[in-house]
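K.L.:
I have a structure here, written as C-alpha coordinates, and I will follow up with some questions on it.
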Amino acid sequence: MSSLPAPLTLSDHDRRHRTLRRRRRRETATAWAYILPAVLVVLGLSIVPFVWSLLLSFRADDLVTPSRWVGVDNYDALTQDPHFSQAVRNTLLYTALYVPLSMALGLFLALVLNRRIKLVGLYRTLIFVPFVISATAQGVLFSFILDPEFGAANSVLHALGISRQGFLTDPGQALLVLVAISVWSGTGFCVVIYLAALQDVPPSLLEAARLDGAGRWQLLRHVVMPTLTPVSLFLVLWQTINALQVFDLVYVTTKGGPLGSTTVIVYFIWEQAFKNFTAGYGAAAAYVLALALLVIAVASRLVRGRKPAGAVLVEGGAK
(Lines give C-alpha, C1' and ligand atoms only; values in the text may rest on other atoms or scores of the structure.)
Protein backbone atom coordinates (compact mmCIF):
# COMPACT_ATOMS: atom_id res chain seq x y z
CA MET A 1 0.00 0.00 0.00
CA SER A 2 1.52 3.30 -1.12
CA SER A 3 2.00 5.97 1.51
CA LEU A 4 -0.11 9.12 1.21
CA PRO A 5 1.67 12.52 0.96
CA ALA A 6 1.93 14.40 4.22
CA PRO A 7 -0.53 17.33 4.49
CA LEU A 8 0.90 20.82 4.11
CA THR A 9 0.86 22.82 7.32
CA LEU A 10 2.09 26.26 8.23
CA SER A 11 4.89 26.55 10.68
CA ASP A 12 4.64 28.88 13.65
CA HIS A 13 7.09 31.22 11.94
CA ASP A 14 4.89 31.47 8.81
CA ARG A 15 1.78 32.06 10.95
CA ARG A 16 3.50 34.88 12.83
CA HIS A 17 4.75 36.36 9.57
CA ARG A 18 1.26 36.36 8.03
CA THR A 19 -0.28 37.76 11.20
CA LEU A 20 2.31 40.54 11.24
CA ARG A 21 1.63 41.40 7.59
CA ARG A 22 -2.13 41.54 8.19
CA ARG A 23 -1.55 43.78 11.21
CA ARG A 24 0.67 46.11 9.18
CA ARG A 25 -1.93 46.31 6.41
CA ARG A 26 -4.62 47.17 8.95
CA GLU A 27 -2.39 49.82 10.53
CA THR A 28 -1.60 51.28 7.10
CA ALA A 29 -5.28 51.36 6.15
CA THR A 30 -6.14 53.01 9.46
CA ALA A 31 -3.41 55.61 9.00
CA TRP A 32 -4.60 56.45 5.49
CA ALA A 33 -8.18 56.68 6.75
CA TYR A 34 -7.04 59.35 9.23
CA ILE A 35 -4.88 61.39 6.87
CA LEU A 36 -6.90 61.01 3.65
CA PRO A 37 -9.24 63.95 4.38
CA ALA A 38 -6.25 66.22 5.02
CA VAL A 39 -4.52 64.96 1.85
CA LEU A 40 -7.64 65.64 -0.21
CA VAL A 41 -7.90 69.15 1.25
CA VAL A 42 -4.24 69.89 0.47
CA LEU A 43 -4.57 68.56 -3.07
CA GLY A 44 -7.80 70.46 -3.56
CA LEU A 45 -6.27 73.72 -2.35
CA SER A 46 -2.97 73.38 -4.21
CA ILE A 47 -3.00 71.13 -7.27
CA VAL A 48 -6.44 72.08 -8.59
CA PRO A 49 -5.98 75.88 -8.20
CA PHE A 50 -2.50 75.60 -9.73
CA VAL A 51 -3.78 73.87 -12.86
CA TRP A 52 -6.86 76.11 -13.08
CA SER A 53 -4.89 79.35 -12.75
CA LEU A 54 -2.31 78.14 -15.27
CA LEU A 55 -5.03 77.54 -17.83
CA LEU A 56 -6.62 80.85 -16.84
CA SER A 57 -3.42 82.71 -17.72
CA PHE A 58 -3.92 81.68 -21.36
CA ARG A 59 -7.50 82.93 -21.49
CA ALA A 60 -9.36 86.24 -21.49
CA ASP A 61 -11.61 85.93 -18.47
CA ASP A 62 -13.50 88.52 -16.44
CA LEU A 63 -14.89 85.91 -13.98
CA VAL A 64 -18.43 86.74 -15.17
CA THR A 65 -18.86 86.10 -18.88
CA PRO A 66 -17.59 82.99 -20.70
CA SER A 67 -13.84 83.09 -21.25
CA ARG A 68 -12.01 82.63 -24.53
CA TRP A 69 -8.60 81.23 -25.38
CA VAL A 70 -5.98 83.87 -26.23
CA GLY A 71 -2.77 81.86 -25.96
CA VAL A 72 0.26 83.87 -24.88
CA ASP A 73 -1.39 87.23 -25.58
CA ASN A 74 -1.62 87.95 -21.83
CA TYR A 75 2.12 87.40 -21.45
CA ASP A 76 2.85 89.55 -24.50
CA ALA A 77 0.71 92.33 -23.06
CA LEU A 78 2.67 92.24 -19.81
CA THR A 79 5.90 93.03 -21.65
CA GLN A 80 4.29 96.18 -23.08
CA ASP A 81 2.37 97.29 -19.98
CA PRO A 82 4.05 100.32 -18.31
CA HIS A 83 2.09 99.71 -15.11
CA PHE A 84 3.49 96.19 -14.84
CA SER A 85 7.00 97.51 -15.52
CA GLN A 86 6.54 100.06 -12.76
CA ALA A 87 5.32 97.36 -10.39
CA VAL A 88 8.39 95.25 -11.18
CA ARG A 89 10.71 98.21 -10.55
CA ASN A 90 8.98 99.04 -7.27
CA THR A 91 9.18 95.42 -6.14
CA LEU A 92 12.86 95.10 -7.02
CA LEU A 93 13.70 98.38 -5.28
CA TYR A 94 11.74 97.34 -2.21
CA THR A 95 13.52 93.97 -2.14
CA ALA A 96 16.96 95.48 -2.75
CA LEU A 97 16.49 97.81 0.22
CA TYR A 98 14.60 95.58 2.63
CA VAL A 99 16.66 92.37 2.44
CA PRO A 100 20.16 93.78 3.18
CA LEU A 101 18.88 96.32 5.72
CA SER A 102 16.91 93.76 7.72
CA MET A 103 19.78 91.26 7.66
CA ALA A 104 22.47 93.80 8.56
CA LEU A 105 20.42 95.26 11.40
CA GLY A 106 19.46 91.77 12.53
CA LEU A 107 23.10 90.66 12.64
CA PHE A 108 24.13 93.79 14.54
CA LEU A 109 21.42 93.36 17.15
CA ALA A 110 22.17 89.64 17.44
CA LEU A 111 25.83 90.38 18.13
CA VAL A 112 24.81 92.92 20.78
CA LEU A 113 22.32 90.57 22.43
CA ASN A 114 24.65 87.57 22.31
CA ARG A 115 26.24 88.73 25.56
CA ARG A 116 25.54 88.46 29.24
CA ILE A 117 23.91 91.79 29.81
CA LYS A 118 21.19 92.78 32.23
CA LEU A 119 17.60 92.23 31.05
CA VAL A 120 18.81 90.62 27.81
CA GLY A 121 15.68 88.44 27.72
CA LEU A 122 13.46 91.52 27.79
CA TYR A 123 15.43 93.15 24.97
CA ARG A 124 15.17 90.03 22.82
CA THR A 125 11.42 89.87 23.39
CA LEU A 126 10.89 93.54 22.54
CA ILE A 127 12.85 93.16 19.30
CA PHE A 128 10.88 90.07 18.26
CA VAL A 129 7.41 91.45 19.11
CA PRO A 130 7.08 93.55 15.88
CA PHE A 131 7.61 90.41 13.80
CA VAL A 132 4.63 88.76 15.49
CA ILE A 133 2.31 91.70 14.77
CA SER A 134 0.39 91.18 11.54
CA ALA A 135 1.16 93.41 8.58
CA THR A 136 -2.45 94.61 8.60
CA ALA A 137 -2.13 95.85 12.18
CA GLN A 138 1.21 97.45 11.33
CA GLY A 139 -0.35 99.25 8.38
CA VAL A 140 -3.21 100.61 10.45
CA LEU A 141 -0.84 101.70 13.23
CA PHE A 142 1.59 103.53 10.96
CA SER A 143 -1.22 105.06 8.90
CA PHE A 144 -2.23 106.94 12.04
CA ILE A 145 1.32 107.75 13.10
CA LEU A 146 2.37 108.99 9.66
CA ASP A 147 -0.81 110.86 8.80
CA PRO A 148 0.37 114.13 7.15
CA GLU A 149 -2.18 116.26 9.01
CA PHE A 150 -2.78 114.71 12.42
CA GLY A 151 -0.04 112.07 12.76
CA ALA A 152 2.33 111.91 15.71
CA ALA A 153 5.38 111.84 13.43
CA ASN A 154 4.71 115.27 11.94
CA SER A 155 3.88 116.64 15.39
CA VAL A 156 7.34 115.62 16.58
CA LEU A 157 8.97 117.07 13.45
CA HIS A 158 7.06 120.32 13.93
CA ALA A 159 8.29 120.52 17.54
CA LEU A 160 11.84 120.08 16.26
CA GLY A 161 11.40 122.87 13.71
CA ILE A 162 11.29 120.53 10.70
CA SER A 163 8.66 121.03 8.03
CA ARG A 164 5.85 118.52 7.72
CA GLN A 165 6.46 115.47 5.55
CA GLY A 166 4.07 113.64 3.25
CA PHE A 167 5.32 110.17 4.19
CA LEU A 168 2.81 107.70 2.70
CA THR A 169 1.16 110.42 0.58
CA ASP A 170 4.40 111.59 -1.05
CA PRO A 171 5.38 109.66 -4.23
CA GLY A 172 9.05 110.21 -3.42
CA GLN A 173 8.80 108.93 0.14
CA ALA A 174 6.03 106.33 0.21
CA LEU A 175 8.04 103.30 -0.91
CA LEU A 176 10.94 104.18 1.39
CA VAL A 177 8.53 104.51 4.30
CA LEU A 178 7.12 101.06 3.52
CA VAL A 179 10.67 99.68 3.52
CA ALA A 180 11.29 101.28 6.92
CA ILE A 181 8.09 99.75 8.34
CA SER A 182 9.03 96.33 6.96
CA VAL A 183 12.55 96.58 8.39
CA TRP A 184 11.06 97.49 11.78
CA SER A 185 8.91 94.36 11.73
CA GLY A 186 11.09 91.90 9.83
CA THR A 187 14.38 92.46 11.66
CA GLY A 188 13.19 90.46 14.66
CA PHE A 189 13.15 87.24 12.63
CA CYS A 190 16.73 87.81 11.49
CA VAL A 191 17.78 88.52 15.08
CA VAL A 192 16.34 85.22 16.31
CA ILE A 193 17.96 83.20 13.52
CA TYR A 194 21.34 84.88 13.92
CA LEU A 195 21.24 84.50 17.72
CA ALA A 196 20.67 80.77 17.36
CA ALA A 197 23.54 80.54 14.88
CA LEU A 198 25.91 82.61 17.04
CA GLN A 199 25.35 80.30 19.96
CA ASP A 200 26.45 77.37 17.77
CA VAL A 201 29.81 78.93 16.92
CA PRO A 202 32.42 76.55 18.45
CA PRO A 203 34.01 78.27 21.47
CA SER A 204 37.27 76.45 20.67
CA LEU A 205 37.58 78.37 17.40
CA LEU A 206 37.06 81.69 19.14
CA GLU A 207 39.54 80.81 21.88
CA ALA A 208 42.15 79.64 19.37
CA ALA A 209 41.77 82.87 17.38
CA ARG A 210 42.15 84.96 20.55
CA LEU A 211 45.31 83.07 21.48
CA ASP A 212 46.66 83.86 18.01
CA GLY A 213 46.15 87.55 18.72
CA ALA A 214 42.92 88.13 16.78
CA GLY A 215 40.98 91.22 17.76
CA ARG A 216 37.21 91.68 17.88
CA TRP A 217 36.93 92.70 14.22
CA GLN A 218 39.19 89.87 13.08
CA LEU A 219 37.13 87.37 15.08
CA LEU A 220 33.96 88.62 13.43
CA ARG A 221 35.43 88.64 9.93
CA HIS A 222 37.46 85.43 9.90
CA VAL A 223 35.68 83.19 12.40
CA VAL A 224 32.09 84.25 13.05
CA MET A 225 31.01 85.35 9.57
CA PRO A 226 32.22 82.20 7.75
CA THR A 227 30.34 80.13 10.33
CA LEU A 228 27.19 82.13 9.68
CA THR A 229 27.34 81.73 5.89
CA PRO A 230 24.69 78.94 5.64
CA VAL A 231 22.34 80.90 7.89
CA SER A 232 22.89 84.07 5.87
CA LEU A 233 22.08 82.24 2.62
CA PHE A 234 18.86 80.96 4.18
CA LEU A 235 17.90 84.46 5.32
CA VAL A 236 18.64 85.94 1.91
CA LEU A 237 16.29 83.42 0.31
CA TRP A 238 13.60 83.78 2.98
CA GLN A 239 13.62 87.57 3.09
CA THR A 240 13.75 87.86 -0.71
CA ILE A 241 10.73 85.61 -1.17
CA ASN A 242 8.81 87.55 1.47
CA ALA A 243 9.78 90.88 -0.11
CA LEU A 244 8.71 89.81 -3.59
CA GLN A 245 5.31 88.78 -2.22
CA VAL A 246 4.58 91.87 -0.13
CA PHE A 247 0.92 92.84 -0.41
CA ASP A 248 -1.02 93.35 2.82
CA LEU A 249 1.09 96.26 4.05
CA VAL A 250 0.68 98.04 0.69
CA TYR A 251 -3.04 97.31 0.59
CA VAL A 252 -3.69 98.71 4.06
CA THR A 253 -1.50 101.81 3.82
CA THR A 254 -1.26 103.18 0.26
CA LYS A 255 -3.26 100.88 -2.04
CA GLY A 256 -0.50 101.21 -4.61
CA GLY A 257 -0.41 104.99 -4.56
CA PRO A 258 0.37 107.75 -4.71
CA LEU A 259 0.69 107.75 -8.50
CA GLY A 260 1.59 104.06 -8.49
CA SER A 261 4.79 104.66 -6.53
CA THR A 262 4.08 101.71 -4.19
CA THR A 263 2.36 99.35 -6.62
CA VAL A 264 4.18 96.04 -6.23
CA ILE A 265 3.70 92.88 -8.27
CA VAL A 266 1.27 91.11 -5.95
CA TYR A 267 -0.85 94.25 -5.60
CA PHE A 268 -0.79 94.59 -9.40
CA ILE A 269 -2.03 90.99 -9.68
CA TRP A 270 -4.84 91.63 -7.20
CA GLU A 271 -5.79 94.86 -8.94
CA GLN A 272 -5.98 93.24 -12.36
CA ALA A 273 -7.91 90.17 -11.19
CA PHE A 274 -10.38 91.60 -8.67
CA LYS A 275 -10.55 95.31 -9.40
CA ASN A 276 -10.27 95.50 -13.19
CA PHE A 277 -11.82 92.03 -13.63
CA THR A 278 -9.12 90.84 -16.02
CA ALA A 279 -8.48 87.55 -14.27
CA GLY A 280 -6.54 85.96 -17.11
CA TYR A 281 -4.17 88.92 -17.28
CA GLY A 282 -3.68 88.83 -13.51
CA ALA A 283 -3.01 85.09 -13.62
CA ALA A 284 -0.32 85.65 -16.25
CA ALA A 285 1.35 88.22 -14.00
CA ALA A 286 1.12 85.76 -11.09
CA TYR A 287 2.96 83.10 -13.08
CA VAL A 288 5.68 85.56 -14.02
CA LEU A 289 6.20 86.10 -10.28
CA ALA A 290 6.06 82.35 -9.62
CA LEU A 291 8.73 81.77 -12.25
CA ALA A 292 10.94 84.42 -10.65
CA LEU A 293 10.53 82.77 -7.23
CA LEU A 294 11.37 79.39 -8.73
CA VAL A 295 14.54 80.75 -10.32
CA ILE A 296 15.59 82.28 -6.99
CA ALA A 297 14.95 79.01 -5.14
CA VAL A 298 16.90 76.94 -7.68
CA ALA A 299 19.79 79.41 -7.71
CA SER A 300 19.92 79.36 -3.92
CA ARG A 301 19.95 75.57 -3.96
CA LEU A 302 22.83 75.53 -6.43
CA VAL A 303 24.82 78.04 -4.37
CA ARG A 304 24.29 76.04 -1.19
CA GLY A 305 25.21 72.83 -2.98
CA ARG A 306 28.60 74.14 -4.05
CA LYS A 307 31.42 73.76 -1.55
CA PRO A 308 33.44 76.95 -1.24
CA ALA A 309 37.03 76.77 -2.39
CA GLY A 310 38.16 77.92 1.04
CA ALA A 311 36.50 74.95 2.68
CA VAL A 312 38.30 72.59 0.34
CA LEU A 313 41.65 74.21 1.19
CA VAL A 314 40.91 73.95 4.91
CA GLU A 315 40.01 70.29 4.63
CA GLY A 316 43.08 69.62 2.54
CA GLY A 317 45.30 71.34 5.09
CA ALA A 318 43.69 69.40 7.93
CA LYS A 319 44.41 66.14 6.23
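By convention here, the chains of the C-alpha coordinates are called A, B, ... in the order presented, each chain's residues are numbered starting at 1, and ligands are numbered starting at 1 in the order presented.
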With only C-alpha atoms as the counted atoms, please give the residues lying no more than 12 Å from A:Ala137, apart from itself and same-chain residues fewer than 2 positions off, as JSON, numbers by chain.
P.N.:
{"A": [130, 131, 132, 133, 134, 135, 139, 140, 141, 142, 143, 144, 181, 185, 248, 249, 251, 252, 253]}
K.L.:
Please, could you write that set of residues out with N, CA, C and O atoms as a CSV table (one decimal), in the first residue's frame?
P.N.:
chain,number,residue,atom,x,y,z
A,130,PRO,N,7.6,93.0,17.2
A,130,PRO,CA,7.1,93.6,15.9
A,130,PRO,C,6.9,92.5,14.8
A,130,PRO,O,6.0,92.6,13.9
A,131,PHE,N,7.7,91.5,14.8
A,131,PHE,CA,7.6,90.4,13.8
A,131,PHE,C,6.3,89.6,14.0
A,131,PHE,O,5.7,89.1,13.0
A,132,VAL,N,5.8,89.5,15.2
A,132,VAL,CA,4.6,88.8,15.5
A,132,VAL,C,3.4,89.5,15.1
A,132,VAL,O,2.4,89.0,14.7
A,133,ILE,N,3.5,90.9,15.1
A,133,ILE,CA,2.3,91.7,14.8
A,133,ILE,C,2.0,91.5,13.3
A,133,ILE,O,2.9,91.6,12.4
A,134,SER,N,0.8,91.4,12.9
A,134,SER,CA,0.4,91.2,11.5
A,134,SER,C,0.7,92.4,10.7
A,134,SER,O,0.6,93.6,11.3
A,135,ALA,N,0.9,92.3,9.5
A,135,ALA,CA,1.2,93.4,8.6
A,135,ALA,C,-0.1,94.3,8.5
A,135,ALA,O,0.1,95.5,8.3
A,139,GLY,N,0.1,98.2,9.3
A,139,GLY,CA,-0.3,99.2,8.4
A,139,GLY,C,-1.3,100.2,9.0
A,139,GLY,O,-1.2,101.5,8.8
A,140,VAL,N,-2.3,99.7,9.8
A,140,VAL,CA,-3.2,100.6,10.5
A,140,VAL,C,-2.5,101.5,11.4
A,140,VAL,O,-2.8,102.7,11.5
A,141,LEU,N,-1.6,100.9,12.2
A,141,LEU,CA,-0.8,101.7,13.2
A,141,LEU,C,0.0,102.8,12.6
A,141,LEU,O,-0.1,104.0,13.0
A,142,PHE,N,0.7,102.5,11.6
A,142,PHE,CA,1.6,103.5,11.0
A,142,PHE,C,0.8,104.5,10.1
A,142,PHE,O,1.3,105.6,9.8
A,143,SER,N,-0.4,104.1,9.6
A,143,SER,CA,-1.2,105.1,8.9
A,143,SER,C,-1.6,106.2,9.8
A,143,SER,O,-1.7,107.4,9.4
A,144,PHE,N,-1.9,105.9,11.1
A,144,PHE,CA,-2.2,106.9,12.0
A,144,PHE,C,-1.0,107.7,12.4
A,144,PHE,O,-1.0,109.0,12.5
A,181,ILE,N,9.1,100.5,7.5
A,181,ILE,CA,8.1,99.7,8.3
A,181,ILE,C,8.4,98.3,8.3
A,181,ILE,O,8.4,97.6,9.3
A,185,SER,N,9.6,95.6,11.4
A,185,SER,CA,8.9,94.4,11.7
A,185,SER,C,9.7,93.1,11.4
A,185,SER,O,9.6,92.1,12.1
A,248,ASP,N,-0.1,92.9,1.8
A,248,ASP,CA,-1.0,93.4,2.8
A,248,ASP,C,-0.6,94.7,3.4
A,248,ASP,O,-1.5,95.6,3.6
A,249,LEU,N,0.7,95.0,3.6
A,249,LEU,CA,1.1,96.3,4.0
A,249,LEU,C,0.8,97.4,3.0
A,249,LEU,O,0.3,98.4,3.4
A,251,TYR,N,-1.6,97.2,0.7
A,251,TYR,CA,-3.0,97.3,0.6
A,251,TYR,C,-3.6,98.2,1.7
A,251,TYR,O,-4.5,99.0,1.5
A,252,VAL,N,-3.1,98.0,2.9
A,252,VAL,CA,-3.7,98.7,4.1
A,252,VAL,C,-3.3,100.2,4.1
A,252,VAL,O,-4.1,101.1,4.4
A,253,THR,N,-2.0,100.5,3.7
A,253,THR,CA,-1.5,101.8,3.8
A,253,THR,C,-1.7,102.7,2.6
A,253,THR,O,-2.3,103.8,2.7
K.L.:
Which residues, written as a ChimeraX atom specification, have at least one atom at most 8 Å from A:Gly282, with only C-alpha atoms counted and residues fewer than 6 positions away on the same chain left out?
P.N.:
/A:57,268-273
K.L.:
Measuring between only C-alpha atoms, which one of A:Leu198, A:Val39, A:Leu244, A:Ala292 shows the shortest distance to A:Leu111?
P.N.:
A:Leu198
K.L.:
Pick out the residues sitting within 8 Å of stretch 63-67 of chain A, and hand them over as a ChimeraX atom specification; count only C-alpha atoms, and ignore anything fewer than 2 positions along from it in its own chain.
P.N.:
/A:59-61,69,277-279
K.L.:
Pull the closest atom pair for each residue of stretch 227-314 of chain A that gets at most 12 Å from stretch 204-221 of chain A, along with the distance in Å to one decimal, counting only C-alpha atoms, ordering rows by chain and then ascending residue number, as a Markdown table.
P.N.:
| residue | atom | partner | partner_atom | distance |
| --- | --- | --- | --- | --- |
| A:Thr227 | CA | A:Leu220 | CA | 9.7 |
| A:Leu228 | CA | A:Leu220 | CA | 10.1 |
| A:Thr229 | CA | A:Arg221 | CA | 11.4 |
K.L.:
Could you give me, as a PyMOL selection string, the residues within 12 Å of A:Thr263, counting only C-alpha atoms and dropping anything in the same chain fewer than 3 positions from it?
P.N.:
chain A and resi 82-94+171+174-175+178+244-251+253-260+266-272
K.L.:
Write the residues of the selection above to a file with N, CA, C and O atoms, as a short mmCIF file (atom, residue, chain, number, x, y, z; two decimals), in the first residue's frame.
P.N.:
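Result went into result13.cif, see below:
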data_model
loop_
_atom_site.label_atom_id
_atom_site.label_comp_id
_atom_site.auth_asym_id
_atom_site.auth_seq_id
_atom_site.Cartn_x
_atom_site.Cartn_y
_atom_site.Cartn_z
N PRO A 82 3.20 99.48 -19.16
CA PRO A 82 4.05 100.32 -18.31
C PRO A 82 3.72 100.18 -16.82
O PRO A 82 4.59 100.37 -15.97
N HIS A 83 2.47 99.87 -16.51
CA HIS A 83 2.09 99.71 -15.11
C HIS A 83 2.74 98.46 -14.51
O HIS A 83 3.17 98.47 -13.35
N PHE A 84 2.82 97.39 -15.31
CA PHE A 84 3.49 96.19 -14.84
C PHE A 84 5.00 96.44 -14.69
O PHE A 84 5.62 95.98 -13.71
N SER A 85 5.57 97.18 -15.64
CA SER A 85 7.00 97.51 -15.52
C SER A 85 7.27 98.33 -14.26
O SER A 85 8.26 98.12 -13.56
N GLN A 86 6.38 99.26 -13.97
CA GLN A 86 6.54 100.06 -12.76
C GLN A 86 6.41 99.19 -11.51
O GLN A 86 7.16 99.37 -10.54
N ALA A 87 5.48 98.26 -11.54
CA ALA A 87 5.32 97.36 -10.39
C ALA A 87 6.57 96.50 -10.19
O ALA A 87 6.99 96.26 -9.05
N VAL A 88 7.16 96.05 -11.28
CA VAL A 88 8.39 95.25 -11.18
C VAL A 88 9.52 96.10 -10.60
O VAL A 88 10.26 95.65 -9.71
N ARG A 89 9.66 97.33 -11.08
CA ARG A 89 10.71 98.21 -10.55
C ARG A 89 10.50 98.49 -9.07
O ARG A 89 11.45 98.46 -8.28
N ASN A 90 9.26 98.77 -8.68
CA ASN A 90 8.98 99.04 -7.27
C ASN A 90 9.29 97.82 -6.41
O ASN A 90 9.86 97.94 -5.31
N THR A 91 8.93 96.64 -6.90
CA THR A 91 9.18 95.42 -6.14
C THR A 91 10.67 95.15 -6.00
O THR A 91 11.15 94.78 -4.91
N LEU A 92 11.42 95.32 -7.07
CA LEU A 92 12.86 95.10 -7.02
C LEU A 92 13.55 96.11 -6.10
O LEU A 92 14.46 95.74 -5.34
N LEU A 93 13.11 97.37 -6.17
CA LEU A 93 13.70 98.38 -5.28
C LEU A 93 13.37 98.08 -3.82
O LEU A 93 14.24 98.17 -2.95
N TYR A 94 12.14 97.71 -3.57
CA TYR A 94 11.74 97.34 -2.21
C TYR A 94 12.57 96.17 -1.70
O TYR A 94 13.07 96.18 -0.57
N PRO A 171 4.84 110.69 -3.31
CA PRO A 171 5.38 109.66 -4.23
C PRO A 171 6.86 109.41 -4.06
O PRO A 171 7.35 108.31 -4.34
N ALA A 174 6.93 107.40 -0.21
CA ALA A 174 6.03 106.33 0.21
C ALA A 174 6.71 104.96 0.22
O ALA A 174 6.61 104.21 1.21
N LEU A 175 7.41 104.61 -0.85
CA LEU A 175 8.04 103.30 -0.91
C LEU A 175 9.14 103.16 0.14
O LEU A 175 9.28 102.11 0.76
N LEU A 178 7.54 102.46 3.44
CA LEU A 178 7.12 101.06 3.52
C LEU A 178 8.32 100.15 3.81
O LEU A 178 8.20 99.19 4.58
N LEU A 244 9.33 89.86 -2.27
CA LEU A 244 8.71 89.81 -3.59
C LEU A 244 7.21 89.58 -3.51
O LEU A 244 6.48 89.87 -4.47
N GLN A 245 6.74 89.07 -2.37
CA GLN A 245 5.31 88.78 -2.22
C GLN A 245 4.60 89.77 -1.31
O GLN A 245 3.48 89.50 -0.87
N VAL A 246 5.21 90.90 -1.01
CA VAL A 246 4.58 91.87 -0.13
C VAL A 246 3.27 92.36 -0.74
O VAL A 246 3.19 92.67 -1.92
N PHE A 247 2.23 92.40 0.08
CA PHE A 247 0.92 92.84 -0.41
C PHE A 247 0.10 93.54 0.67
O PHE A 247 -0.37 94.66 0.48
N ASP A 248 -0.08 92.85 1.82
CA ASP A 248 -1.02 93.35 2.82
C ASP A 248 -0.63 94.72 3.36
O ASP A 248 -1.50 95.57 3.59
N LEU A 249 0.67 94.95 3.56
CA LEU A 249 1.09 96.26 4.05
C LEU A 249 0.77 97.36 3.03
O LEU A 249 0.31 98.45 3.39
N VAL A 250 0.99 97.06 1.75
CA VAL A 250 0.68 98.04 0.69
C VAL A 250 -0.82 98.26 0.60
O VAL A 250 -1.29 99.40 0.47
N TYR A 251 -1.59 97.20 0.71
CA TYR A 251 -3.04 97.31 0.59
C TYR A 251 -3.64 98.16 1.71
O TYR A 251 -4.54 98.97 1.48
N THR A 253 -2.03 100.46 3.66
CA THR A 253 -1.50 101.81 3.82
C THR A 253 -1.72 102.70 2.59
O THR A 253 -2.29 103.79 2.70
N THR A 254 -1.27 102.27 1.43
CA THR A 254 -1.26 103.18 0.26
C THR A 254 -2.13 102.72 -0.89
O THR A 254 -2.42 103.52 -1.78
N LYS A 255 -2.50 101.44 -0.91
CA LYS A 255 -3.26 100.88 -2.04
C LYS A 255 -2.57 101.17 -3.38
O LYS A 255 -3.22 101.52 -4.38
N GLY A 256 -1.27 101.03 -3.38
CA GLY A 256 -0.50 101.21 -4.61
C GLY A 256 -0.13 102.63 -4.94
O GLY A 256 0.66 102.87 -5.84
N GLY A 257 -0.70 103.59 -4.27
CA GLY A 257 -0.41 104.99 -4.56
C GLY A 257 0.69 105.53 -3.67
O GLY A 257 1.32 104.76 -2.93
N PRO A 258 0.96 106.80 -3.75
CA PRO A 258 0.37 107.75 -4.71
C PRO A 258 1.03 107.66 -6.09
O PRO A 258 2.24 107.43 -6.19
N LEU A 259 0.23 107.79 -7.11
CA LEU A 259 0.69 107.75 -8.50
C LEU A 259 1.43 106.45 -8.82
O LEU A 259 2.36 106.43 -9.61
N GLY A 260 0.99 105.36 -8.21
CA GLY A 260 1.59 104.06 -8.49
C GLY A 260 2.98 103.86 -7.94
O GLY A 260 3.65 102.90 -8.29
N VAL A 266 2.44 91.81 -6.47
CA VAL A 266 1.27 91.11 -5.95
C VAL A 266 0.05 92.03 -5.91
O VAL A 266 -1.07 91.62 -6.19
N TYR A 267 0.28 93.30 -5.57
CA TYR A 267 -0.85 94.25 -5.60
C TYR A 267 -1.33 94.45 -7.03
O TYR A 267 -2.53 94.58 -7.27
N PHE A 268 -0.41 94.48 -7.99
CA PHE A 268 -0.79 94.59 -9.40
C PHE A 268 -1.64 93.39 -9.80
O PHE A 268 -2.65 93.55 -10.52
N ILE A 269 -1.26 92.19 -9.36
CA ILE A 269 -2.03 90.99 -9.68
C ILE A 269 -3.43 91.09 -9.10
O ILE A 269 -4.43 90.81 -9.79
N TRP A 270 -3.52 91.49 -7.83
CA TRP A 270 -4.84 91.63 -7.20
C TRP A 270 -5.68 92.67 -7.92
O TRP A 270 -6.89 92.47 -8.15
N GLU A 271 -5.07 93.78 -8.29
CA GLU A 271 -5.79 94.86 -8.94
C GLU A 271 -6.34 94.42 -10.29
O GLU A 271 -7.49 94.73 -10.64
N GLN A 272 -5.53 93.68 -11.05
CA GLN A 272 -5.98 93.24 -12.36
C GLN A 272 -7.09 92.19 -12.25
O GLN A 272 -8.06 92.22 -13.01
#
